[in-house]
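Take a look at the structure below.
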Amino acid sequence: MKTKLTHAIAAALLLAGISGEATAQTSGPQIKWQREVNLTVGQSMVVYGFRGDCGSYPASNSIRVPATSTGNFTLGRKGWRNSGNCNGPTPAVELIFNATTPGRETVRIQGDPVRIRVSQ
């Protein structure tokens, strides 16, 4: 009986360790890639999760945002996103688009297109 209990505790600890690793990859809010964004001047929206190396947040000096004619990007909270490159969830930082000027454009962030339309 004592051996079965010891094995059960060891199995529970092993499972806790495995699920702890998965939780680390998905801590914070999920950040979804917005392929199309429709905003009016003055509005802002989280449009992308910028990832670092798989399993790590990006270093602040590695975050590259595209130049835009319809607004600008700011950094938001840390969270996670699903990544095809990483084959699953990975830590990321929110990229928030702030609409300032009416127009249309498509930008690429880490190779992914984001279509932006800003109206008056």
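Residue numbering restarts at 1 in every chain; chains get A, B, ... in the order shown in the structure tokens, and ligands count up from 1 in that same order.
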Check: Running DSSP on the backbone, which parts of chain A land in alpha helix (DSSP H), as a PyMOL selection string?
Finding: chain A and resi 2-25
Can you tell me, as a PDB file with C-alpha atoms, in the first residue's frame, what residues are no more than 12 Å from Tyr48 in chain A when counting only C-alpha atoms, ignoring any on the same chain fewer than 5 positions away?
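Printed below is around.pdb as written:
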ATOM      1  CA  GLN A  30      -3.732  35.186 -25.485  1.00  0.00           C
ATOM      2  CA  ILE A  31      -2.714  37.609 -28.251  1.00  0.00           C
ATOM      3  CA  LYS A  32      -4.479  36.960 -31.536  1.00  0.00           C
ATOM      4  CA  TRP A  33      -3.210  37.973 -34.960  1.00  0.00           C
ATOM      5  CA  GLN A  34      -5.676  40.362 -36.580  1.00  0.00           C
ATOM      6  CA  ARG A  35      -5.347  39.866 -40.329  1.00  0.00           C
ATOM      7  CA  GLU A  36      -7.678  42.796 -41.059  1.00  0.00           C
ATOM      8  CA  VAL A  37      -8.144  45.892 -38.932  1.00  0.00           C
ATOM      9  CA  ILE A  63      11.093  44.174 -31.526  1.00  0.00           C
ATOM     10  CA  VAL A  65       7.586  47.414 -36.028  1.00  0.00           C
ATOM     11  CA  PHE A  73       2.565  50.965 -33.090  1.00  0.00           C
ATOM     12  CA  THR A  74       3.132  50.795 -29.353  1.00  0.00           C
ATOM     13  CA  LEU A  75       3.996  47.845 -27.129  1.00  0.00           C
ATOM     14  CA  GLY A  76       1.412  46.371 -24.798  1.00  0.00           C
ATOM     15  CA  ARG A  77       1.337  43.607 -22.210  1.00  0.00           C
ATOM     16  CA  LYS A  78       3.176  40.325 -22.202  1.00  0.00           C
ATOM     17  CA  GLY A  79       1.071  37.312 -23.100  1.00  0.00           C
ATOM     18  CA  TRP A  80       1.221  34.385 -25.485  1.00  0.00           C
ATOM     19  CA  ARG A  81       0.265  33.471 -29.030  1.00  0.00           C
ATOM     20  CA  ASN A  82       0.004  30.390 -31.153  1.00  0.00           C
ATOM     21  CA  SER A  83       2.891  30.194 -33.570  1.00  0.00           C
ATOM     22  CA  ALA A  92       4.771  37.207 -26.999  1.00  0.00           C
ATOM     23  CA  VAL A  93       4.279  40.952 -26.497  1.00  0.00           C
ATOM     24  CA  GLU A  94       1.200  42.819 -27.738  1.00  0.00           C
ATOM     25  CA  LEU A  95       1.645  45.209 -30.657  1.00  0.00           C
ATOM     26  CA  ILE A  96      -1.035  47.882 -30.476  1.00  0.00           C
ATOM     27  CA  PHE A  97      -1.903  49.858 -33.601  1.00  0.00           C
ATOM     28  CA  VAL A 107       2.075  45.887 -43.296  1.00  0.00           C
ATOM     29  CA  ARG A 108       4.096  42.781 -42.488  1.00  0.00           C
ATOM     30  CA  ILE A 109       5.077  41.867 -38.955  1.00  0.00           C
ATOM     31  CA  GLN A 110       7.421  38.888 -38.602  1.00  0.00           C
ATOM     32  CA  GLY A 111       6.373  37.942 -42.141  1.00  0.00           C
ATOM     33  CA  ASP A 112       2.629  37.992 -41.388  1.00  0.00           C
ATOM     34  CA  PRO A 113       0.423  40.489 -43.271  1.00  0.00           C
ATOM     35  CA  VAL A 114      -1.918  42.863 -41.436  1.00  0.00           C
ATOM     36  CA  ARG A 115      -4.378  44.834 -43.600  1.00  0.00           C
TER      37      ARG A 115
END
Next item on the list: Give me every strand (DSSP E) residue in chain A, going by DSSP on the backbone, as a ChimeraX atom specification.
Entry: /A:36-40,44-51,71-83,88-99,103-109,112-119
May I have the selected residues written with C-alpha atoms, as a PDB file, in the first residue's frame?
ATOM      1  CA  GLU A  36      -7.678  42.796 -41.059  1.00  0.00           C
ATOM      2  CA  VAL A  37      -8.144  45.892 -38.932  1.00  0.00           C
ATOM      3  CA  ASN A  38     -10.842  48.535 -39.465  1.00  0.00           C
ATOM      4  CA  LEU A  39     -10.525  51.549 -37.181  1.00  0.00           C
ATOM      5  CA  THR A  40     -11.474  55.211 -37.080  1.00  0.00           C
ATOM      6  CA  SER A  44      -6.378  51.636 -30.990  1.00  0.00           C
ATOM      7  CA  MET A  45      -6.342  47.842 -31.170  1.00  0.00           C
ATOM      8  CA  VAL A  46      -4.044  44.936 -30.356  1.00  0.00           C
ATOM      9  CA  VAL A  47      -3.221  43.544 -33.792  1.00  0.00           C
ATOM     10  CA  TYR A  48      -0.339  41.129 -33.236  1.00  0.00           C
ATOM     11  CA  GLY A  49       1.742  39.181 -30.734  1.00  0.00           C
ATOM     12  CA  PHE A  50       5.449  39.737 -31.399  1.00  0.00           C
ATOM     13  CA  ARG A  51       7.355  36.616 -30.375  1.00  0.00           C
ATOM     14  CA  GLY A  71      -0.843  55.339 -37.574  1.00  0.00           C
ATOM     15  CA  ASN A  72       1.827  53.959 -35.270  1.00  0.00           C
ATOM     16  CA  PHE A  73       2.565  50.965 -33.090  1.00  0.00           C
ATOM     17  CA  THR A  74       3.132  50.795 -29.353  1.00  0.00           C
ATOM     18  CA  LEU A  75       3.996  47.845 -27.129  1.00  0.00           C
ATOM     19  CA  GLY A  76       1.412  46.371 -24.798  1.00  0.00           C
ATOM     20  CA  ARG A  77       1.337  43.607 -22.210  1.00  0.00           C
ATOM     21  CA  LYS A  78       3.176  40.325 -22.202  1.00  0.00           C
ATOM     22  CA  GLY A  79       1.071  37.312 -23.100  1.00  0.00           C
ATOM     23  CA  TRP A  80       1.221  34.385 -25.485  1.00  0.00           C
ATOM     24  CA  ARG A  81       0.265  33.471 -29.030  1.00  0.00           C
ATOM     25  CA  ASN A  82       0.004  30.390 -31.153  1.00  0.00           C
ATOM     26  CA  SER A  83       2.891  30.194 -33.570  1.00  0.00           C
ATOM     27  CA  GLY A  88       2.233  25.827 -30.678  1.00  0.00           C
ATOM     28  CA  PRO A  89       1.991  28.446 -27.948  1.00  0.00           C
ATOM     29  CA  THR A  90       4.917  30.745 -27.222  1.00  0.00           C
ATOM     30  CA  PRO A  91       5.400  33.926 -25.173  1.00  0.00           C
ATOM     31  CA  ALA A  92       4.771  37.207 -26.999  1.00  0.00           C
ATOM     32  CA  VAL A  93       4.279  40.952 -26.497  1.00  0.00           C
ATOM     33  CA  GLU A  94       1.200  42.819 -27.738  1.00  0.00           C
ATOM     34  CA  LEU A  95       1.645  45.209 -30.657  1.00  0.00           C
ATOM     35  CA  ILE A  96      -1.035  47.882 -30.476  1.00  0.00           C
ATOM     36  CA  PHE A  97      -1.903  49.858 -33.601  1.00  0.00           C
ATOM     37  CA  ASN A  98      -2.983  53.472 -32.974  1.00  0.00           C
ATOM     38  CA  ALA A  99      -4.955  54.959 -35.903  1.00  0.00           C
ATOM     39  CA  GLY A 103      -6.117  55.464 -45.431  1.00  0.00           C
ATOM     40  CA  ARG A 104      -5.452  51.834 -46.311  1.00  0.00           C
ATOM     41  CA  GLU A 105      -2.267  49.802 -46.211  1.00  0.00           C
ATOM     42  CA  THR A 106      -0.894  46.332 -45.615  1.00  0.00           C
ATOM     43  CA  VAL A 107       2.075  45.887 -43.296  1.00  0.00           C
ATOM     44  CA  ARG A 108       4.096  42.781 -42.488  1.00  0.00           C
ATOM     45  CA  ILE A 109       5.077  41.867 -38.955  1.00  0.00           C
ATOM     46  CA  ASP A 112       2.629  37.992 -41.388  1.00  0.00           C
ATOM     47  CA  PRO A 113       0.423  40.489 -43.271  1.00  0.00           C
ATOM     48  CA  VAL A 114      -1.918  42.863 -41.436  1.00  0.00           C
ATOM     49  CA  ARG A 115      -4.378  44.834 -43.600  1.00  0.00           C
ATOM     50  CA  ILE A 116      -5.212  48.181 -42.028  1.00  0.00           C
ATOM     51  CA  ARG A 117      -8.065  50.520 -42.930  1.00  0.00           C
ATOM     52  CA  VAL A 118      -8.482  53.780 -41.055  1.00  0.00           C
ATOM     53  CA  SER A 119     -11.515  55.980 -41.652  1.00  0.00           C
TER      54      SER A 119
END
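Using only C-alpha atoms, the shortest contact distance between Gly55 in chain A and any of A:Gln120, A:Ala67, A:Thr26, A:Gln43 is found at A:Thr26.
Note that CA of Ser69 in chain A and CA of Pro29 in chain A are 28.7 Å apart.
Going from CA of Tyr57 in chain A over to CA of Gln25 in chain A, you cover 9.6 Å.
Reported to one decimal place, the separation of CA of Pro58 in chain A from CA of Gly42 in chain A is 27.8 Å.
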